[in-house]
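A.B. asks: The file below is coords_4.csv, CSV, C-alpha atoms and all ligand atoms:
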```
chain,number,residue,atom,x,y,z
S,1,MET,CA,0.0,0.0,0.0
S,2,SER,CA,1.0,3.4,0.6
S,3,ALA,CA,-1.4,6.0,1.7
S,4,GLY,CA,1.7,8.2,1.7
S,5,GLU,CA,0.4,10.1,-1.3
S,6,THR,CA,-2.1,11.7,1.1
S,7,THR,CA,0.5,13.5,3.2
S,8,GLY,CA,-0.1,17.2,3.1
S,9,PRO,CA,2.3,19.9,1.9
S,10,ALA,CA,5.4,20.1,4.0
S,11,HIS,CA,4.8,23.7,5.0
S,12,ALA,CA,1.3,23.1,6.3
S,13,ARG,CA,0.8,23.6,10.0
S,14,PRO,CA,0.6,20.2,11.7
S,15,ALA,CA,-2.8,18.9,12.5
S,16,LEU,CA,-1.7,17.8,15.9
S,17,GLU,CA,1.5,18.3,17.9
S,18,ALA,CA,2.7,17.0,21.2
S,19,VAL,CA,5.6,18.9,22.7
S,20,GLY,CA,7.4,17.4,25.7
S,21,LEU,CA,4.3,15.8,27.1
S,22,SER,CA,4.5,14.0,30.4
S,23,LYS,CA,1.8,12.7,32.7
S,24,GLN,CA,2.3,11.4,36.2
S,25,PHE,CA,-0.4,9.5,38.0
S,26,GLY,CA,0.8,9.2,41.6
S,27,ALA,CA,3.8,6.9,41.3
S,28,VAL,CA,3.1,5.9,37.7
S,29,ARG,CA,4.8,7.9,34.9
S,30,ALA,CA,2.3,7.2,32.2
S,31,VAL,CA,3.9,9.5,29.6
S,32,SER,CA,7.4,10.8,29.6
S,33,GLU,CA,8.7,13.8,27.6
S,34,LEU,CA,6.8,12.8,24.5
S,35,SER,CA,7.1,14.9,21.4
S,36,PHE,CA,5.7,14.1,17.9
S,37,THR,CA,3.9,15.7,15.0
S,38,VAL,CA,0.9,14.6,13.1
S,39,PRO,CA,1.1,16.3,9.7
S,40,THR,CA,-2.0,17.6,8.0
S,41,GLY,CA,-3.3,15.0,5.5
S,42,SER,CA,-1.5,12.1,7.0
S,43,ILE,CA,-2.8,8.9,8.5
S,44,THR,CA,-0.5,8.5,11.5
S,45,GLY,CA,-0.5,5.3,13.5
S,46,PHE,CA,0.1,5.8,17.2
S,47,VAL,CA,1.3,2.4,18.3
S,48,GLY,CA,2.6,0.9,21.5
S,49,PRO,CA,2.0,-2.1,23.8
S,50,HIS,CA,-0.8,-2.1,26.3
S,51,GLY,CA,-0.1,0.4,29.1
S,52,SER,CA,2.5,2.4,27.0
S,53,GLY,CA,0.6,5.6,27.5
S,54,LYS,CA,-1.4,6.0,24.2
S,55,THR,CA,-4.8,6.7,25.7
S,56,THR,CA,-3.3,9.1,28.2
S,57,THR,CA,-1.5,11.0,25.4
S,58,LEU,CA,-4.7,11.2,23.3
S,59,ARG,CA,-6.5,12.5,26.3
S,60,MET,CA,-3.9,15.2,26.8
S,61,LEU,CA,-4.1,16.1,23.0
S,62,LEU,CA,-7.8,16.4,23.4
S,63,GLY,CA,-7.7,18.6,26.5
S,64,LEU,CA,-9.4,15.9,28.6
S,65,ILE,CA,-6.6,15.7,31.1
S,66,THR,CA,-3.9,18.2,31.9
S,67,PRO,CA,-0.3,17.3,31.2
S,68,THR,CA,2.1,17.3,34.2
S,69,THR,CA,4.5,19.0,31.8
S,70,GLY,CA,4.6,19.9,28.2
S,71,SER,CA,1.8,21.0,25.8
S,72,ALA,CA,-0.4,19.7,23.1
S,73,VAL,CA,-1.9,21.7,20.2
S,74,VAL,CA,-4.5,21.0,17.6
S,75,THR,CA,-4.2,23.0,14.4
S,76,GLY,CA,-1.8,25.2,16.3
S,77,LEU,CA,-4.1,25.8,19.3
S,78,PRO,CA,-4.7,24.1,22.6
S,79,PHE,CA,-7.8,22.0,22.3
S,80,ALA,CA,-9.7,24.3,24.8
S,81,ALA,CA,-9.1,27.3,22.5
S,82,LEU,CA,-10.7,25.7,19.4
S,83,ALA,CA,-13.7,27.8,18.3
S,84,GLN,CA,-15.5,24.7,16.9
S,85,PRO,CA,-14.0,21.6,18.5
S,86,ALA,CA,-16.4,19.1,17.0
S,87,ARG,CA,-15.9,20.5,13.5
S,88,THR,CA,-12.2,20.4,14.0
S,89,VAL,CA,-11.7,17.0,15.6
S,90,GLY,CA,-13.8,13.9,15.6
S,91,VAL,CA,-13.0,11.6,18.5
S,92,VAL,CA,-13.4,7.9,19.1
S,93,LEU,CA,-12.2,7.0,22.6
S,94,ASP,CA,-13.0,3.8,24.4
S,95,SER,CA,-14.9,5.7,27.0
S,96,LEU,CA,-17.4,7.1,24.5
S,97,GLY,CA,-20.7,6.1,26.1
S,98,VAL,CA,-23.5,4.7,24.1
S,99,HIS,CA,-26.7,4.2,26.1
S,100,PRO,CA,-27.7,0.6,25.6
S,101,ASN,CA,-31.4,1.5,25.4
S,102,ARG,CA,-31.0,4.2,22.8
S,103,THR,CA,-31.3,3.3,19.2
S,104,ALA,CA,-28.3,4.1,17.0
S,105,LEU,CA,-30.2,6.9,15.4
S,106,GLY,CA,-31.4,8.2,18.8
S,107,HIS,CA,-27.9,8.2,20.1
S,108,LEU,CA,-26.7,10.2,17.0
S,109,LEU,CA,-29.5,12.7,17.4
S,110,VAL,CA,-28.5,13.4,21.0
S,111,TYR,CA,-24.9,14.0,19.9
S,112,ALA,CA,-26.0,16.0,16.8
S,113,ALA,CA,-27.8,18.4,19.1
S,114,ALA,CA,-24.8,18.6,21.5
S,115,VAL,CA,-22.5,19.4,18.5
S,116,GLY,CA,-24.9,21.8,16.9
S,117,VAL,CA,-25.5,20.1,13.6
S,118,PRO,CA,-28.9,19.5,12.0
S,119,ASP,CA,-30.8,16.3,12.7
S,120,ASP,CA,-30.5,15.1,9.1
S,121,ARG,CA,-26.7,14.7,9.7
S,122,ALA,CA,-27.5,11.6,11.9
S,123,PRO,CA,-28.8,9.3,9.1
S,124,GLN,CA,-26.0,10.6,6.8
S,125,VAL,CA,-23.3,9.5,9.2
S,126,LEU,CA,-25.1,6.2,9.8
S,127,GLY,CA,-24.9,5.6,6.1
S,128,MET,CA,-21.2,6.5,6.0
S,129,VAL,CA,-20.4,3.7,8.5
S,130,GLY,CA,-22.8,1.1,6.9
S,131,LEU,CA,-25.3,1.0,9.8
S,132,GLU,CA,-28.3,2.5,7.9
S,133,GLN,CA,-30.2,-0.8,8.2
S,134,VAL,CA,-29.9,-0.9,12.0
S,135,GLY,CA,-30.5,2.7,12.9
S,136,ARG,CA,-33.7,1.9,14.8
S,137,GLN,CA,-32.1,-1.0,16.8
S,138,ARG,CA,-31.1,-0.5,20.3
S,139,ALA,CA,-27.3,0.0,20.6
S,140,GLY,CA,-27.3,-2.5,23.5
S,141,THR,CA,-27.9,-5.2,21.0
S,142,PHE,CA,-24.9,-4.2,18.9
S,143,SER,CA,-21.7,-6.3,18.6
S,144,LEU,CA,-18.5,-4.6,19.6
S,145,GLY,CA,-17.7,-4.0,15.9
S,146,MET,CA,-21.1,-2.3,15.3
S,147,ARG,CA,-20.5,-0.1,18.4
S,148,GLN,CA,-17.1,0.9,16.9
S,149,ARG,CA,-18.9,1.9,13.7
S,150,LEU,CA,-21.4,3.9,15.7
S,151,ALA,CA,-18.6,5.6,17.6
S,152,LEU,CA,-17.0,6.5,14.3
S,153,ALA,CA,-20.4,7.8,13.0
S,154,THR,CA,-20.6,10.0,16.1
S,155,ALA,CA,-17.1,11.3,15.5
S,156,MET,CA,-18.1,12.2,11.9
S,157,LEU,CA,-21.2,14.3,13.0
S,158,GLY,CA,-19.3,17.6,12.9
S,159,ASN,CA,-17.7,16.8,9.6
S,160,PRO,CA,-14.3,17.2,11.2
S,161,GLN,CA,-10.9,17.9,9.6
S,162,ILE,CA,-9.1,15.5,12.0
S,163,LEU,CA,-10.1,12.1,13.3
S,164,VAL,CA,-8.5,10.8,16.5
S,165,LEU,CA,-9.3,7.2,17.1
S,166,ASP,CA,-8.3,5.1,20.1
S,167,GLU,CA,-8.1,1.4,19.1
S,168,PRO,CA,-10.9,1.6,16.6
S,169,ALA,CA,-10.0,-1.9,15.2
S,170,ASN,CA,-10.9,-3.5,18.6
S,171,GLY,CA,-13.7,-5.9,18.0
S,172,LEU,CA,-13.5,-5.7,14.2
S,173,GLY,CA,-12.8,-8.8,12.2
S,174,PRO,CA,-10.6,-8.8,9.1
S,175,GLU,CA,-13.5,-7.5,6.9
S,176,GLY,CA,-14.2,-4.7,9.4
S,177,ILE,CA,-10.5,-3.8,9.5
S,178,ALA,CA,-10.4,-3.6,5.7
S,179,TRP,CA,-13.6,-1.5,5.7
S,180,LEU,CA,-12.0,0.8,8.3
S,181,ARG,CA,-8.9,1.1,6.3
S,182,ASP,CA,-10.8,2.1,3.2
S,183,PHE,CA,-12.9,4.6,5.2
S,184,LEU,CA,-9.8,6.3,6.7
S,185,ARG,CA,-7.9,6.4,3.4
S,186,ALA,CA,-10.9,8.0,1.7
S,187,PHE,CA,-11.1,10.5,4.6
S,188,ALA,CA,-7.4,11.4,4.3
S,189,ARG,CA,-7.5,11.6,0.5
S,190,SER,CA,-9.5,14.7,0.9
S,191,GLY,CA,-6.6,16.3,2.7
S,192,ARG,CA,-7.9,15.5,6.2
S,193,THR,CA,-5.9,13.9,9.0
S,194,VAL,CA,-6.2,10.8,11.0
S,195,LEU,CA,-4.4,9.8,14.2
S,196,VAL,CA,-5.2,6.2,15.0
S,197,SER,CA,-3.9,4.2,17.9
S,198,SER,CA,-3.4,0.5,18.3
S,199,HIS,CA,-1.4,-1.9,20.4
S,200,LEU,CA,-0.9,-4.0,17.3
S,201,LEU,CA,1.1,-2.6,14.4
S,202,ARG,CA,-0.4,-5.3,12.2
S,203,GLU,CA,-3.9,-3.8,12.6
S,204,VAL,CA,-2.8,-0.4,11.2
S,205,GLU,CA,0.1,-1.4,9.0
S,206,GLN,CA,-1.9,-1.4,5.8
S,207,THR,CA,-3.7,1.9,6.7
S,208,VAL,CA,-1.1,4.4,7.9
S,209,ASP,CA,1.6,6.3,6.2
S,210,ARG,CA,3.4,7.5,9.3
S,211,LEU,CA,4.1,5.9,12.7
S,212,VAL,CA,4.6,7.2,16.1
S,213,ILE,CA,5.8,4.2,18.3
S,214,VAL,CA,5.8,4.5,22.0
S,215,ASP,CA,7.0,2.2,24.7
S,216,ARG,CA,6.6,2.9,28.5
S,217,GLY,CA,5.5,6.4,27.8
S,218,SER,CA,8.5,7.3,25.6
S,219,LEU,CA,8.9,7.8,21.9
S,220,VAL,CA,10.9,5.0,20.2
S,221,PHE,CA,10.2,5.8,16.6
S,222,GLU,CA,8.6,8.6,14.6
S,223,GLY,CA,8.6,8.6,10.8
S,224,GLY,CA,7.2,7.1,7.6
S,225,ILE,CA,6.2,3.5,7.7
S,226,ASP,CA,8.3,3.0,4.6
S,227,ASP,CA,11.3,4.4,6.4
S,228,LEU,CA,10.8,1.8,9.1
S,229,ARG,CA,10.6,-0.9,6.4
S,230,ARG,CA,13.8,0.4,4.7
S,231,SER,CA,15.7,0.5,8.0
S,232,HIS,CA,14.9,-3.2,8.4
S,233,THR,CA,15.5,-4.7,5.0
S,234,GLY,CA,15.3,-8.4,4.7
S,235,ARG,CA,18.3,-10.7,4.1
S,236,VAL,CA,19.0,-12.4,0.8
S,237,LEU,CA,18.9,-16.2,1.2
S,238,VAL,CA,21.1,-17.8,-1.5
S,239,ALA,CA,21.5,-21.4,-2.5
S,240,SER,CA,24.9,-21.7,-4.2
S,241,SER,CA,27.5,-24.2,-5.2
S,242,ASP,CA,29.9,-23.0,-2.4
S,243,ALA,CA,28.5,-20.9,0.5
S,244,ALA,CA,31.8,-20.4,2.2
S,245,ARG,CA,33.5,-19.1,-1.0
S,246,LEU,CA,30.6,-16.9,-1.7
S,247,ALA,CA,30.8,-15.4,1.9
S,248,LEU,CA,34.5,-14.7,1.4
S,249,ALA,CA,33.8,-13.0,-2.0
S,250,LEU,CA,31.1,-10.9,-0.4
S,251,GLY,CA,33.3,-10.0,2.5
S,252,ALA,CA,36.0,-8.8,0.1
S,253,GLU,CA,33.4,-6.4,-1.3
S,254,GLY,CA,32.6,-5.2,2.2
S,255,ILE,CA,29.4,-7.3,2.7
S,256,THR,CA,30.2,-9.1,5.9
S,257,ASP,CA,26.8,-9.9,7.3
S,258,ALA,CA,26.7,-13.5,6.1
S,259,GLN,CA,25.6,-16.6,7.9
S,260,VAL,CA,25.2,-20.2,6.7
S,261,LEU,CA,21.8,-21.5,7.5
S,262,PRO,CA,21.2,-25.1,8.5
S,263,ASP,CA,19.9,-25.9,5.1
S,264,GLY,CA,23.2,-24.8,3.5
S,265,ARG,CA,22.0,-21.5,2.1
S,266,LEU,CA,23.8,-18.3,2.8
S,267,ALA,CA,21.8,-15.5,4.5
S,268,VAL,CA,23.3,-12.2,3.5
S,269,GLY,CA,22.3,-8.8,5.0
S,270,GLY,CA,22.6,-5.3,3.7
S,271,THR,CA,22.6,-6.2,0.0
S,272,LEU,CA,20.3,-7.1,-2.9
S,273,GLU,CA,19.9,-10.3,-4.8
S,274,ALA,CA,21.4,-8.8,-8.0
S,275,GLU,CA,24.5,-7.7,-6.2
S,276,VAL,CA,25.0,-11.1,-4.7
S,277,ALA,CA,24.6,-12.7,-8.1
S,278,GLU,CA,27.1,-10.4,-9.6
S,279,ILE,CA,29.7,-11.0,-6.9
S,280,ALA,CA,29.1,-14.8,-7.1
S,281,GLY,CA,29.5,-14.7,-10.8
S,282,ALA,CA,32.8,-12.9,-10.5
S,283,ALA,CA,34.0,-15.4,-7.9
S,284,GLY,CA,33.0,-18.4,-10.0
S,285,VAL,CA,30.3,-19.5,-7.5
S,286,ARG,CA,27.1,-20.8,-9.1
S,287,ILE,CA,23.8,-19.6,-7.8
S,288,PHE,CA,20.9,-22.1,-7.8
S,289,GLY,CA,18.3,-19.8,-6.4
S,290,SER,CA,17.9,-16.8,-4.2
S,291,VAL,CA,15.1,-15.1,-2.4
S,292,THR,CA,14.8,-11.9,-0.3
S,293,GLU,CA,13.1,-12.7,3.0
S,294,HIS,CA,10.0,-10.8,4.1
S,295,VAL,CA,10.5,-8.6,7.1
S,296,ASP,CA,7.5,-8.7,9.5
S,297,LEU,CA,7.0,-5.2,10.8
S,298,GLU,CA,5.2,-6.6,13.8
S,299,GLN,CA,8.4,-8.3,14.8
S,300,VAL,CA,10.4,-5.1,14.3
S,301,PHE,CA,7.8,-3.3,16.4
S,302,ALA,CA,8.0,-6.0,19.2
S,303,SER,CA,11.7,-5.8,19.2
S,304,MET,CA,11.5,-2.0,19.7
S,305,THR,CA,9.1,-2.2,22.5
S,306,SER,CA,8.4,-4.2,25.6
S,307,GLY,CA,6.4,-6.5,23.5
S,308,GLN,CA,9.5,-8.6,23.9
S,309,TYR,CA,9.9,-10.4,20.6
S,310,ALA,CA,12.7,-12.9,21.3
S,311,ALA,CA,15.9,-11.2,20.2
S,312,GLN,CA,15.8,-10.7,16.4
S,313,HIS,CA,19.0,-10.4,14.5
S,314,TYR,CA,18.9,-7.1,12.7
S,315,GLY,CA,22.1,-5.9,14.2
S,316,PRO,CA,25.5,-4.9,12.8
S,317,PRO,CA,27.3,-7.2,10.4
S,318,ALA,CA,28.3,-10.6,11.8
S,319,PRO,CA,32.1,-10.6,12.4
S,320,GLN,CA,32.7,-14.0,10.7
S,321,LEU,CA,30.9,-16.7,8.9
S,322,GLN,CA,28.6,-18.4,11.4
S,323,HIS,CA,26.1,-21.1,11.4
S,324,ALA,CA,22.8,-19.9,12.7
S,325,THR,CA,19.2,-21.0,12.9
S,326,ASP,CA,16.9,-19.3,10.4
S,327,PRO,CA,14.7,-17.1,12.6
S,328,TYR,CA,12.3,-16.6,9.6
S,329,GLY,CA,11.7,-20.3,8.9
S,330,GLY,CA,12.9,-20.0,5.4
S,331,PRO,CA,11.8,-17.8,2.5
S,332,ARG,CA,8.2,-16.9,1.8
Z,401,LIG,N1,-6.3,7.7,35.7
Z,401,LIG,C1,-5.2,7.0,35.9
Z,401,LIG,N2,-4.7,6.8,37.2
Z,401,LIG,C2,-3.7,6.1,37.4
Z,401,LIG,N3,-2.9,5.4,36.5
Z,401,LIG,C3,-3.4,5.6,35.2
Z,401,LIG,C4,-4.5,6.3,34.9
Z,401,LIG,N4,-4.7,6.3,33.5
Z,401,LIG,C5,-3.7,5.5,33.0
Z,401,LIG,N5,-2.9,5.1,34.1
Z,401,LIG,C6,-1.7,4.2,33.9
Z,401,LIG,O1,-0.8,4.9,33.0
Z,401,LIG,C7,-0.2,3.9,32.1
Z,401,LIG,C8,-0.6,4.2,30.7
Z,401,LIG,O2,-1.9,3.9,30.5
Z,401,LIG,P1,-2.7,4.2,29.1
Z,401,LIG,O3,-4.1,3.8,29.3
Z,401,LIG,O4,-2.4,5.6,28.7
Z,401,LIG,O5,-1.9,3.2,28.1
Z,401,LIG,P2,-2.3,2.6,26.7
Z,401,LIG,O6,-1.1,2.6,25.9
Z,401,LIG,O7,-3.5,3.4,26.2
Z,401,LIG,O8,-2.8,1.2,27.1
Z,401,LIG,P3,-3.9,0.2,26.4
Z,401,LIG,O9,-3.4,-0.2,25.0
Z,401,LIG,O10,-4.0,-0.9,27.3
Z,401,LIG,O11,-5.2,1.0,26.3
Z,401,LIG,C9,-0.7,2.6,32.6
Z,401,LIG,O12,0.3,2.1,33.6
Z,401,LIG,C10,-2.0,2.9,33.3
Z,401,LIG,O13,-2.3,1.9,34.3
```
Mind turning the file's structure into structure tokens?
Ligand SMILES: Nc1ncnc2c1ncn2[C@@H]1O[C@H](COP(=O)(O)OP(=O)(O)OP(=O)(O)O)[C@@H](O)[C@H]1O
C.D. replies:
Amino acid sequence: MSAGETTGPAHARPALEAVGLSKQFGAVRAVSELSFTVPTGSITGFVGPHGSGKTTTLRMLLGLITPTTGSAVVTGLPFAALAQPARTVGVVLDSLGVHPNRTALGHLLVYAAAVGVPDDRAPQVLGMVGLEQVGRQRAGTFSLGMRQRLALATAMLGNPQILVLDEPANGLGPEGIAWLRDFLRAFARSGRTVLVSSHLLREVEQTVDRLVIVDRGSLVFEGGIDDLRRSHTGRVLVASSDAARLALALGAEGITDAQVLPDGRLAVGGTLEAEVAEIAGAAGVRIFGSVTEHVDLEQVFASMTSGQYAAQHYGPPAPQLQHATDPYGGPR
């Protein structure tokens, strides 16, 4: 994918900005010196393990709790200073209450009045989230996925420029997640902005163009999802007539991250298949086949956070030719 095309002009004022945000709850430091930017027109994923401070940060951005230190701005202003908050930011937080005895439509009419939009906006937003058939059903009968859609419809009432969604994929199956991805991409295509949180990178990987990754309240990565992919390129796995000789030839060209796998293939980091083939050819080593292994971003994410993925080798070049188990279980 890349929803990267949707990123707004570089000079545009960021939609959301956290500057040195910290939040202390008694002995718990939920968020620590957190700074990041959500550019206008981007779909930014806000990802971290459970308890890493995502909801607390979103609450600070939305003016629902006061930071211990630091500041948060929405289109350049503190949330409380926005003239028309519901028309600026639509919010889906876990805590958004839907009265179980209210119908979906009834719920939206209450919020439409609170936000100050006409009643006919309620059926419109129901249609946007695919709930038009169940508008007269009580929300208490809804599945978690349907409640998530209703929460999104509520966020859309004010036709906002920015959506802030806390774990909106919770309760959605694969189809629901695909639907949400299309919805958010269409939203961003019109130049609007999304900040979407998740404890699973996998849930938002296909949706977002930027990532802010947090762990224990602190920033561990901010940037384009493609930058993260590029910084963790997969190894080239090569079946050849002579793995040891190939490793020596590669080493002579400065490519020293090479390991012989149990199946005899050479796993080479920091290069491309074509380069390996060229060096092998020059060294008189025959290549029977090669493949570039797939890098699972979820594993990269877990290795960056307290998700504790068992130590993955993405490190500096191996000093010498080694035998190693293949952590990827072979090519895909
Ligand atoms: N009101 C509060 N009082 C005390 N501690 C709190 C409060 N809110 C959050 N915390 C603590 O702050 C830390 C961060 O919580 P937060 O809910 O922001 O994380 P999260 O990343 O959103 O987690 P999850 O993915 O489980 O929702 C946790 O240790 C949590 O227990």
A.B. asks: Select from stretch 71-127 of chain S every residue with an atom at most 7 Å from any atom of stretch 156-171 of chain S, then for each give the shortest pair of atoms and their distance in Å to one decimal, using only C-alpha atoms, rows by chain and rising number, as JSON lines.
C.D. replies:
```
{"residue": "S:Ala86", "atom": "CA", "partner": "S:Gly158", "partner_atom": "CA", "distance": 5.2}
{"residue": "S:Arg87", "atom": "CA", "partner": "S:Pro160", "partner_atom": "CA", "distance": 4.3}
{"residue": "S:Thr88", "atom": "CA", "partner": "S:Pro160", "partner_atom": "CA", "distance": 4.7}
{"residue": "S:Val89", "atom": "CA", "partner": "S:Ile162", "partner_atom": "CA", "distance": 4.7}
{"residue": "S:Gly90", "atom": "CA", "partner": "S:Leu163", "partner_atom": "CA", "distance": 4.7}
{"residue": "S:Val91", "atom": "CA", "partner": "S:Val164", "partner_atom": "CA", "distance": 5.0}
{"residue": "S:Val92", "atom": "CA", "partner": "S:Leu165", "partner_atom": "CA", "distance": 4.6}
{"residue": "S:Leu93", "atom": "CA", "partner": "S:Asp166", "partner_atom": "CA", "distance": 5.0}
{"residue": "S:Asp94", "atom": "CA", "partner": "S:Asp166", "partner_atom": "CA", "distance": 6.5}
{"residue": "S:Ala112", "atom": "CA", "partner": "S:Leu157", "partner_atom": "CA", "distance": 6.4}
{"residue": "S:Val115", "atom": "CA", "partner": "S:Gly158", "partner_atom": "CA", "distance": 6.7}
{"residue": "S:Val117", "atom": "CA", "partner": "S:Gly158", "partner_atom": "CA", "distance": 6.7}
{"residue": "S:Arg121", "atom": "CA", "partner": "S:Leu157", "partner_atom": "CA", "distance": 6.4}
{"residue": "S:Ala122", "atom": "CA", "partner": "S:Leu157", "partner_atom": "CA", "distance": 6.9}
{"residue": "S:Val125", "atom": "CA", "partner": "S:Met156", "partner_atom": "CA", "distance": 6.5}
```
A.B. asks: For ligand LIG 401 (chain Z), which residue among S:Leu201, S:Ala243, S:Ile177, S:Ala27 is the nearest when counting all atoms listed in the file?
C.D. replies: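 Closest candidate: S:Ala27.
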A.B. asks: Counting only C-alpha atoms, which residue out of S:Ala247, S:Ile43, S:Ala274, S:Val214 sits closest to S:Arg185?
C.D. replies: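 Selected residue with least distance to S:Arg185: S:Ile43.
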A.B. asks: Rounded to one decimal in Å, what is the spacing between atom CA of S:Leu248 and atom CA of S:Thr233?
C.D. replies: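 Between these atoms lies a distance of 21.8 Å.
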A.B. asks: Choose the residue, out of S:Thr37, S:Gln124, S:Gln24, S:Thr256, that has the smallest atom-to-atom separation from S:Phe221; count all atoms listed in the file.
C.D. replies: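 Residue with the minimum atom-to-atom distance to S:Phe221: S:Thr37.
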A.B. asks: Write out as a ChimeraX atom specification each polymer residue (protein, DNA or RNA) that has an atom no more than 8 Å from ligand LIG 401 (chain Z), with all atoms listed in the file counted.
C.D. replies: /S:24-26,28-31,47-57,166-167,198-199,216-217
A.B. asks: Starting from the point (-11.9, -6.3, 15.3), work out which residues of protein, DNA or RNA have an atom no more than 12 Å away when counting only C-alpha atoms; state them as a list in words.
C.D. replies: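 Using only C-alpha atoms, the matching residues come out as Ser143, Leu144, Gly145, Met146, Arg147, Gln148, Arg149, Glu167, Pro168, Ala169, Asn170, Gly171, Leu172, Gly173, Pro174, Glu175, Gly176, Ile177, Ala178, Trp179, Leu180, Ser198, Leu200, Arg202, Glu203 and Val204 of chain S.
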A.B. asks: Please list as a list in words every residue within 9 Å of S:Thr69, counting only C-alpha atoms and excluding residues in the same chain fewer than 6 positions away.
C.D. replies: Gly20, Leu21, Ser22, Lys23, Ser32 and Glu33 of chain S
A.B. asks: Could you work out how far atom CA of S:Arg13 lies from atom CA of S:Ser71, giving the answer in Å with one decimal?
C.D. replies: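 Computing it gives 16.0 Å between the two atoms.
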A.B. asks: For S:Met128, which of S:Gln299, S:Ser42, S:Ser240, S:Thr154 is the closest residue, counting all atoms listed in the file?
C.D. replies: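 Checking each candidate against S:Met128, we get S:Thr154 as the closest.
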A.B. asks: Identify the residues within 7 Å of coordinate (21.5, -16.4, -2.4) (same frame as the file), considering all atoms listed in the file, and give the answer as JSON, numbers by chain.
C.D. replies: {"S": [236, 237, 238, 239, 240, 265, 266, 267, 273, 276, 287, 289, 290, 291]}
A.B. asks: Missing atoms in stretch 245-259 of chain S: can you complete it with N, CA and C atoms, as an mmCIF file, in the coordinates of the input?
C.D. replies:
```
data_model
loop_
_atom_site.group_PDB
_atom_site.id
_atom_site.type_symbol
_atom_site.label_atom_id
_atom_site.label_comp_id
_atom_site.auth_asym_id
_atom_site.auth_seq_id
_atom_site.Cartn_x
_atom_site.Cartn_y
_atom_site.Cartn_z
ATOM 1 N N ARG S 245 32.783 -19.945 0.010
ATOM 2 C CA ARG S 245 33.500 -19.100 -1.000
ATOM 3 C C ARG S 245 32.733 -17.856 -1.305
ATOM 4 N N LEU S 246 31.425 -18.023 -1.397
ATOM 5 C CA LEU S 246 30.600 -16.900 -1.700
ATOM 6 C C LEU S 246 30.693 -15.846 -0.541
ATOM 7 N N ALA S 247 30.690 -16.351 0.703
ATOM 8 C CA ALA S 247 30.800 -15.400 1.900
ATOM 9 C C ALA S 247 32.114 -14.679 1.820
ATOM 10 N N LEU S 248 33.189 -15.373 1.449
ATOM 11 C CA LEU S 248 34.500 -14.700 1.400
ATOM 12 C C LEU S 248 34.487 -13.634 0.285
ATOM 13 N N ALA S 249 33.875 -13.978 -0.851
ATOM 14 C CA ALA S 249 33.800 -13.000 -2.000
ATOM 15 C C ALA S 249 33.011 -11.795 -1.584
ATOM 16 N N LEU S 250 31.898 -12.045 -0.876
ATOM 17 C CA LEU S 250 31.100 -10.900 -0.400
ATOM 18 C C LEU S 250 31.832 -10.064 0.575
ATOM 19 N N GLY S 251 32.534 -10.739 1.486
ATOM 20 C CA GLY S 251 33.300 -10.000 2.500
ATOM 21 C C GLY S 251 34.365 -9.131 1.863
ATOM 22 N N ALA S 252 34.965 -9.621 0.778
ATOM 23 C CA ALA S 252 36.000 -8.800 0.100
ATOM 24 C C ALA S 252 35.385 -7.568 -0.524
ATOM 25 N N GLU S 253 34.062 -7.598 -0.744
ATOM 26 C CA GLU S 253 33.400 -6.400 -1.300
ATOM 27 C C GLU S 253 32.735 -5.595 -0.148
ATOM 28 N N GLY S 254 33.078 -5.945 1.101
ATOM 29 C CA GLY S 254 32.600 -5.200 2.200
ATOM 30 C C GLY S 254 31.227 -5.635 2.759
ATOM 31 N N ILE S 255 30.737 -6.766 2.206
ATOM 32 C CA ILE S 255 29.400 -7.300 2.700
ATOM 33 C C ILE S 255 29.751 -8.423 3.645
ATOM 34 N N THR S 256 29.736 -8.097 4.930
ATOM 35 C CA THR S 256 30.200 -9.100 5.900
ATOM 36 C C THR S 256 29.146 -9.728 6.731
ATOM 37 N N ASP S 257 27.898 -9.277 6.558
ATOM 38 C CA ASP S 257 26.800 -9.900 7.300
ATOM 39 C C ASP S 257 26.302 -11.115 6.580
ATOM 40 N N ALA S 258 27.012 -12.229 6.794
ATOM 41 C CA ALA S 258 26.700 -13.500 6.100
ATOM 42 C C ALA S 258 26.688 -14.638 7.039
ATOM 43 N N GLN S 259 25.648 -15.438 6.965
ATOM 44 C CA GLN S 259 25.600 -16.600 7.900
ATOM 45 C C GLN S 259 25.088 -17.801 7.044
#
```
